[in-house]
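**Student:** This is final12.txt, which holds compact mmCIF, C-alpha atoms:
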# COMPACT_ATOMS: atom_id res chain seq x y z
CA MET V 1 -8.97 65.13 -29.14
CA GLN V 2 -8.32 66.80 -25.84
CA ASP V 3 -7.09 64.56 -23.03
CA SER V 4 -6.13 61.70 -25.35
CA LEU V 5 -3.06 59.47 -25.42
CA THR V 6 -0.88 58.34 -28.27
CA ILE V 7 -0.19 54.63 -28.52
CA GLY V 8 3.27 55.24 -27.07
CA GLU V 9 1.83 57.14 -24.12
CA LEU V 10 -0.80 54.45 -23.52
CA SER V 11 1.95 51.83 -23.67
CA VAL V 12 4.09 53.64 -21.10
CA ARG V 13 1.15 54.39 -18.77
CA SER V 14 -0.29 50.87 -18.97
CA GLY V 15 2.94 48.88 -19.11
CA VAL V 16 1.63 47.06 -22.19
CA ALA V 17 3.63 46.88 -25.42
CA SER V 18 2.35 48.91 -28.37
CA SER V 19 2.06 45.71 -30.40
CA ALA V 20 -0.28 44.23 -27.75
CA LEU V 21 -2.35 47.43 -27.76
CA ARG V 22 -2.73 47.21 -31.54
CA TYR V 23 -3.76 43.57 -31.13
CA TYR V 24 -6.33 44.48 -28.46
CA GLU V 25 -7.68 47.14 -30.80
CA ARG V 26 -7.92 44.66 -33.68
CA LEU V 27 -9.93 42.36 -31.40
CA GLY V 28 -12.24 45.23 -30.43
CA LEU V 29 -11.15 45.20 -26.78
CA ILE V 30 -10.00 48.84 -26.85
CA HIS V 31 -10.83 51.68 -29.21
CA ALA V 32 -8.87 54.55 -30.72
CA ALA V 33 -9.84 57.58 -32.72
CA ARG V 34 -7.63 58.58 -35.64
CA THR V 35 -6.04 61.94 -36.37
CA GLY V 36 -5.94 63.51 -39.82
CA GLY V 37 -2.55 61.84 -40.19
CA ASN V 38 -4.10 58.46 -39.27
CA GLN V 39 -2.38 58.27 -35.88
CA ARG V 40 -4.16 56.52 -33.02
CA ARG V 41 -5.45 58.56 -30.10
CA TYR V 42 -6.86 56.79 -27.06
CA ALA V 43 -9.18 58.28 -24.47
CA ARG V 44 -7.68 58.12 -20.97
CA SER V 45 -10.54 55.81 -19.99
CA GLU V 46 -8.90 53.14 -22.18
CA LEU V 47 -6.26 52.83 -19.43
CA ARG V 48 -8.92 51.19 -17.24
CA ARG V 49 -9.90 48.81 -20.02
CA VAL V 50 -6.26 47.82 -20.61
CA ALA V 51 -5.75 47.25 -16.87
CA PHE V 52 -8.90 45.10 -16.80
CA ILE V 53 -7.70 43.09 -19.81
CA ARG V 54 -4.27 42.46 -18.32
CA ILE V 55 -5.43 41.41 -14.87
CA SER V 56 -8.16 39.23 -16.37
CA GLN V 57 -5.58 37.48 -18.52
CA GLN V 58 -3.35 37.00 -15.48
CA VAL V 59 -6.07 34.99 -13.75
CA GLY V 60 -6.75 32.88 -16.83
CA VAL V 61 -9.73 34.58 -18.44
CA SER V 62 -9.73 34.20 -22.23
CA LEU V 63 -9.73 37.20 -24.55
CA ASP V 64 -13.13 36.08 -25.88
CA GLU V 65 -14.58 36.21 -22.35
CA ILE V 66 -12.91 39.57 -21.75
CA ARG V 67 -14.40 40.93 -24.99
CA ALA V 68 -17.87 39.73 -23.98
CA ALA V 69 -17.50 41.46 -20.61
CA LEU V 70 -16.22 44.69 -22.15
CA ASP V 71 -19.06 44.60 -24.69
CA SER V 72 -21.45 44.90 -21.74
CA LEU V 73 -19.97 48.33 -20.92
CA PRO V 74 -21.36 51.46 -22.57
CA ASP V 75 -19.68 52.75 -25.74
CA SER V 76 -21.15 56.21 -25.51
CA ARG V 77 -19.46 57.22 -22.25
CA THR V 78 -16.77 56.31 -19.77
CA PRO V 79 -18.01 53.36 -17.68
CA SER V 80 -19.24 54.38 -14.25
CA PRO V 81 -18.42 52.59 -11.00
CA GLU V 82 -21.88 51.01 -11.29
CA ASP V 83 -21.04 49.66 -14.75
CA TRP V 84 -17.85 48.10 -13.43
CA ALA V 85 -19.69 46.73 -10.37
CA ARG V 86 -22.28 45.05 -12.62
CA LEU V 87 -19.50 43.46 -14.69
CA SER V 88 -17.72 42.36 -11.52
CA ALA V 89 -20.89 40.80 -10.13
CA SER V 90 -21.35 38.79 -13.32
CA TRP V 91 -17.87 37.27 -12.87
CA ARG V 92 -18.00 36.78 -9.09
CA GLY V 93 -19.01 33.10 -9.13
CA ARG V 94 -16.41 32.19 -11.73
CA LEU V 95 -13.66 34.04 -9.88
CA ASP V 96 -14.67 32.49 -6.55
CA GLU V 97 -14.41 29.02 -8.13
CA LYS V 98 -11.00 29.87 -9.60
CA ILE V 99 -9.82 31.07 -6.18
CA ARG V 100 -11.08 27.83 -4.62
CA LEU V 101 -9.26 25.72 -7.23
CA LEU V 102 -6.04 27.70 -6.84
CA GLY V 103 -6.19 27.21 -3.07
CA LYS V 104 -6.80 23.49 -3.53
CA LEU V 105 -3.91 23.22 -5.98
CA ARG V 106 -1.61 25.08 -3.59
CA ASP V 107 -2.64 23.00 -0.60
CA ASP V 108 -2.66 19.63 -2.36
CA LEU V 109 0.64 20.14 -4.14
CA ASP V 110 2.48 21.03 -0.93
CA GLY V 111 2.86 17.31 -0.26
CA CYS V 112 3.78 16.49 -3.86
CA ILE V 113 6.66 18.84 -4.48
CA GLY V 114 9.83 16.84 -4.06
CA CYS V 115 8.09 13.65 -2.90
CA GLY V 116 8.57 11.76 -6.16
CA CYS V 117 5.09 10.31 -5.65
CA LEU V 118 6.25 7.83 -3.03
CA SER V 119 2.83 8.08 -1.43
CA LEU V 120 0.48 7.26 -4.29
CA GLN V 121 -2.37 6.36 -1.96
CA ARG V 122 -2.65 10.00 -0.89
CA CYS V 123 -1.68 11.74 -4.16
CA THR V 124 -4.48 13.95 -5.48
CA LEU V 125 -3.26 13.53 -9.05
CA TYR V 126 -2.92 9.75 -9.04
CA ASN V 127 -5.59 7.95 -11.08
CA PRO V 128 -4.68 4.25 -11.25
CA GLY V 129 -5.75 2.58 -14.47
CA ASP V 130 -7.36 5.84 -15.61
CA SER V 131 -10.43 4.80 -13.61
CA LEU V 132 -11.87 8.32 -13.71
CA ALA V 133 -11.86 8.59 -17.53
CA GLY V 134 -15.66 8.39 -17.61
CA GLU V 135 -15.90 11.65 -15.66
CA GLY V 136 -14.22 13.64 -18.43
CA PRO V 137 -10.82 15.06 -19.28
CA GLY V 138 -8.32 16.62 -16.93
CA ALA V 139 -7.22 16.10 -13.37
CA ARG V 140 -10.53 14.70 -12.13
CA LEU V 141 -9.45 14.52 -8.48
CA MET V 142 -8.57 18.22 -8.52
CA LEU V 143 -11.50 19.50 -10.59
CA PRO V 144 -15.07 19.71 -9.32
CA ARG V 145 -16.72 16.27 -9.56
CA PRO V 146 -19.91 16.04 -11.63
CA PRO V 147 -23.05 14.78 -9.89
CA ALA V 148 -23.44 10.98 -10.03
CA GLU V 149 -26.42 11.14 -12.42
CA GLU V 150 -24.28 12.96 -15.02
CA LEU V 151 -21.83 10.04 -15.05
CA SER V 152 -24.44 7.51 -16.19
Hey, can you dump this file as structure tokens for me?
**Tutor:**
Amino acid sequence: MQDSLTIGELSVRSGVASSALRYYERLGLIHAARTGGNQRRYARSELRRVAFIRISQQVGVSLDEIRAALDSLPDSRTPSPEDWARLSASWRGRLDEKIRLLGKLRDDLDGCIGCGCLSLQRCTLYNPGDSLAGEGPGARLMLPRPPAEELS
């Protein structure tokens, strides 16, 4: 197992606790070979997978979605830049929408922080009488609005 990492080495290099790495392995997100003494050995390419998992989690992607994305990568070899680009392209729309929503949240909450909602006419979270309940759950004024025909 030339050029492999122990779980401790992978933990130090990735900044992820060994317990989290074992959990990722149990979920099938990363893979380890075993030595004759049943110790885990990770290929260095697993560092990229762990980095991808961590950053994806940081932006709110679920572990199920991460697993589906990682399942699209080849098992038989280290993923190429083209493999990663294909995965990235499949997430581009979702990430662009998340970026848009984060920007909207940042911009709209600037006026809310510390105001105590003294200006309810302009508050993007205010929904008097729960009038938007028919549009679905959540902060309807912040989330994308469904087309009018979907509300009928």
**Student:** In Å, with one decimal, what is the gap from CA of Asp75 in chain V to CA of Gly93 in chain V?
**Tutor:**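 These atoms are spaced 25.7 Å apart.
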**Student:** Quick one: pull the distance between CA of Arg13 in chain V and CA of Tyr42 in chain V, Å, one decimal.
**Tutor:**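 Answer for the CA of Arg13 in chain V to CA of Tyr42 in chain V separation: 11.8 Å.
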**Student:** Name the residues within 12 Å of (-19.7, 50.8, -16.0), counting only C-alpha atoms in the file's coordinates, and put them as a short mmCIF file (atom, residue, chain, number, x, y, z; two decimals) with C-alpha atoms, in the coordinates of the input.
**Tutor:**
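Result file is selection_19.cif:
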data_model
loop_
_atom_site.label_atom_id
_atom_site.label_comp_id
_atom_site.auth_asym_id
_atom_site.auth_seq_id
_atom_site.Cartn_x
_atom_site.Cartn_y
_atom_site.Cartn_z
CA SER V 45 -10.54 55.81 -19.99
CA ARG V 48 -8.92 51.19 -17.24
CA ARG V 49 -9.90 48.81 -20.02
CA ALA V 69 -17.50 41.46 -20.61
CA LEU V 70 -16.22 44.69 -22.15
CA ASP V 71 -19.06 44.60 -24.69
CA SER V 72 -21.45 44.90 -21.74
CA LEU V 73 -19.97 48.33 -20.92
CA PRO V 74 -21.36 51.46 -22.57
CA ASP V 75 -19.68 52.75 -25.74
CA SER V 76 -21.15 56.21 -25.51
CA ARG V 77 -19.46 57.22 -22.25
CA THR V 78 -16.77 56.31 -19.77
CA PRO V 79 -18.01 53.36 -17.68
CA SER V 80 -19.24 54.38 -14.25
CA PRO V 81 -18.42 52.59 -11.00
CA GLU V 82 -21.88 51.01 -11.29
CA ASP V 83 -21.04 49.66 -14.75
CA TRP V 84 -17.85 48.10 -13.43
CA ALA V 85 -19.69 46.73 -10.37
CA ARG V 86 -22.28 45.05 -12.62
CA LEU V 87 -19.50 43.46 -14.69
CA SER V 88 -17.72 42.36 -11.52
CA ALA V 89 -20.89 40.80 -10.13
#
**Student:** So which one's closest to Arg94 in chain V, V:Val61, V:Leu109, V:Val50, V:Ile66? Using all atoms listed in the file, please.
**Tutor:**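 Of all the options, V:Val61 lies closest to Arg94 in chain V.
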**Student:** At what distance in Å, to one decimal, does CA of Asp64 in chain V lie from CA of Gly28 in chain V?
**Tutor:**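 Going from CA of Gly28 in chain V over to CA of Asp64 in chain V, I get 10.3 Å.
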**Student:** Fix up range 47-58 of chain V with all heavy atoms, then write it as a JSON list (two decimals), keeping the file's coordinate frame.
**Tutor:**
[["chain", "number", "residue", "atom", "x", "y", "z"],
["V", 47, "LEU", "N", -7.22, 53.36, -20.41],
["V", 47, "LEU", "CA", -6.26, 52.83, -19.43],
["V", 47, "LEU", "C", -6.93, 51.80, -18.52],
["V", 47, "LEU", "O", -6.36, 50.77, -18.18],
["V", 47, "LEU", "CB", -5.66, 53.95, -18.58],
["V", 47, "LEU", "CG", -4.53, 54.75, -19.22],
["V", 47, "LEU", "CD1", -4.25, 56.02, -18.43],
["V", 47, "LEU", "CD2", -3.28, 53.89, -19.34],
["V", 48, "ARG", "N", -8.17, 52.11, -18.11],
["V", 48, "ARG", "CA", -8.92, 51.19, -17.24],
["V", 48, "ARG", "C", -9.22, 49.88, -17.95],
["V", 48, "ARG", "O", -9.13, 48.81, -17.39],
["V", 48, "ARG", "CB", -10.23, 51.84, -16.79],
["V", 48, "ARG", "CG", -10.31, 51.96, -15.28],
["V", 48, "ARG", "CD", -11.50, 52.77, -14.91],
["V", 48, "ARG", "NE", -11.26, 54.00, -15.63],
["V", 48, "ARG", "CZ", -11.97, 55.10, -15.61],
["V", 48, "ARG", "NH1", -13.00, 55.19, -14.91],
["V", 48, "ARG", "NH2", -11.69, 56.17, -16.28],
["V", 49, "ARG", "N", -9.60, 50.00, -19.23],
["V", 49, "ARG", "CA", -9.90, 48.81, -20.02],
["V", 49, "ARG", "C", -8.65, 47.94, -20.17],
["V", 49, "ARG", "O", -8.71, 46.72, -20.03],
["V", 49, "ARG", "CB", -10.46, 49.19, -21.38],
["V", 49, "ARG", "CG", -11.86, 49.78, -21.31],
["V", 49, "ARG", "CD", -12.33, 50.28, -22.67],
["V", 49, "ARG", "NE", -12.73, 49.20, -23.54],
["V", 49, "ARG", "CZ", -13.97, 48.79, -23.73],
["V", 49, "ARG", "NH1", -14.96, 49.39, -23.08],
["V", 49, "ARG", "NH2", -14.24, 47.81, -24.55],
["V", 50, "VAL", "N", -7.51, 48.57, -20.46],
["V", 50, "VAL", "CA", -6.26, 47.82, -20.61],
["V", 50, "VAL", "C", -5.89, 47.14, -19.30],
["V", 50, "VAL", "O", -5.50, 45.97, -19.27],
["V", 50, "VAL", "CB", -5.12, 48.72, -21.13],
["V", 50, "VAL", "CG1", -3.78, 47.98, -21.10],
["V", 50, "VAL", "CG2", -5.42, 49.23, -22.53],
["V", 51, "ALA", "N", -6.04, 47.85, -18.18],
["V", 51, "ALA", "CA", -5.75, 47.25, -16.87],
["V", 51, "ALA", "C", -6.67, 46.05, -16.63],
["V", 51, "ALA", "O", -6.22, 45.00, -16.15],
["V", 51, "ALA", "CB", -5.92, 48.28, -15.76],
["V", 52, "PHE", "N", -7.94, 46.19, -16.96],
["V", 52, "PHE", "CA", -8.90, 45.10, -16.80],
["V", 52, "PHE", "C", -8.50, 43.90, -17.66],
["V", 52, "PHE", "O", -8.54, 42.76, -17.21],
["V", 52, "PHE", "CB", -10.30, 45.60, -17.17],
["V", 52, "PHE", "CG", -11.35, 44.52, -17.17],
["V", 52, "PHE", "CD1", -11.85, 44.03, -15.98],
["V", 52, "PHE", "CD2", -11.81, 43.99, -18.37],
["V", 52, "PHE", "CE1", -12.81, 43.02, -15.98],
["V", 52, "PHE", "CE2", -12.77, 43.00, -18.38],
["V", 52, "PHE", "CZ", -13.27, 42.51, -17.17],
["V", 53, "ILE", "N", -8.12, 44.16, -18.90],
["V", 53, "ILE", "CA", -7.70, 43.09, -19.81],
["V", 53, "ILE", "C", -6.51, 42.35, -19.23],
["V", 53, "ILE", "O", -6.49, 41.11, -19.16],
["V", 53, "ILE", "CB", -7.36, 43.65, -21.21],
["V", 53, "ILE", "CG1", -8.62, 44.21, -21.88],
["V", 53, "ILE", "CG2", -6.69, 42.59, -22.08],
["V", 53, "ILE", "CD1", -8.32, 45.13, -23.07],
["V", 54, "ARG", "N", -5.50, 43.09, -18.81],
["V", 54, "ARG", "CA", -4.27, 42.46, -18.32],
["V", 54, "ARG", "C", -4.49, 41.63, -17.06],
["V", 54, "ARG", "O", -4.01, 40.51, -16.95],
["V", 54, "ARG", "CB", -3.19, 43.53, -18.07],
["V", 54, "ARG", "CG", -2.75, 44.24, -19.32],
["V", 54, "ARG", "CD", -2.15, 43.32, -20.33],
["V", 54, "ARG", "NE", -0.88, 42.85, -19.82],
["V", 54, "ARG", "CZ", -0.14, 41.94, -20.39],
["V", 54, "ARG", "NH1", -0.53, 41.37, -21.49],
["V", 54, "ARG", "NH2", 1.00, 41.58, -19.86],
["V", 55, "ILE", "N", -5.22, 42.16, -16.10],
["V", 55, "ILE", "CA", -5.43, 41.41, -14.87],
["V", 55, "ILE", "C", -6.33, 40.21, -15.13],
["V", 55, "ILE", "O", -6.13, 39.14, -14.56],
["V", 55, "ILE", "CB", -5.96, 42.30, -13.71],
["V", 55, "ILE", "CG1", -5.83, 41.59, -12.37],
["V", 55, "ILE", "CG2", -7.39, 42.74, -13.94],
["V", 55, "ILE", "CD1", -4.43, 41.31, -11.92],
["V", 56, "SER", "N", -7.30, 40.36, -16.02],
["V", 56, "SER", "CA", -8.16, 39.23, -16.37],
["V", 56, "SER", "C", -7.36, 38.12, -17.02],
["V", 56, "SER", "O", -7.55, 36.93, -16.71],
["V", 56, "SER", "CB", -9.28, 39.69, -17.31],
["V", 56, "SER", "OG", -10.09, 40.65, -16.68],
["V", 57, "GLN", "N", -6.44, 38.49, -17.90],
["V", 57, "GLN", "CA", -5.58, 37.48, -18.52],
["V", 57, "GLN", "C", -4.70, 36.80, -17.48],
["V", 57, "GLN", "O", -4.48, 35.60, -17.56],
["V", 57, "GLN", "CB", -4.69, 38.12, -19.59],
["V", 57, "GLN", "CG", -5.39, 38.46, -20.87],
["V", 57, "GLN", "CD", -4.42, 38.99, -21.90],
["V", 57, "GLN", "OE1", -3.76, 40.00, -21.67],
["V", 57, "GLN", "NE2", -4.32, 38.30, -23.02],
["V", 58, "GLN", "N", -4.22, 37.56, -16.51],
["V", 58, "GLN", "CA", -3.35, 37.00, -15.48],
["V", 58, "GLN", "C", -4.03, 35.92, -14.66],
["V", 58, "GLN", "O", -3.38, 35.01, -14.17],
["V", 58, "GLN", "CB", -2.85, 38.11, -14.54],
["V", 58, "GLN", "CG", -1.87, 39.05, -15.18],
["V", 58, "GLN", "CD", -0.54, 38.38, -15.49],
["V", 58, "GLN", "OE1", 0.00, 37.65, -14.67],
["V", 58, "GLN", "NE2", -0.02, 38.59, -16.68]]
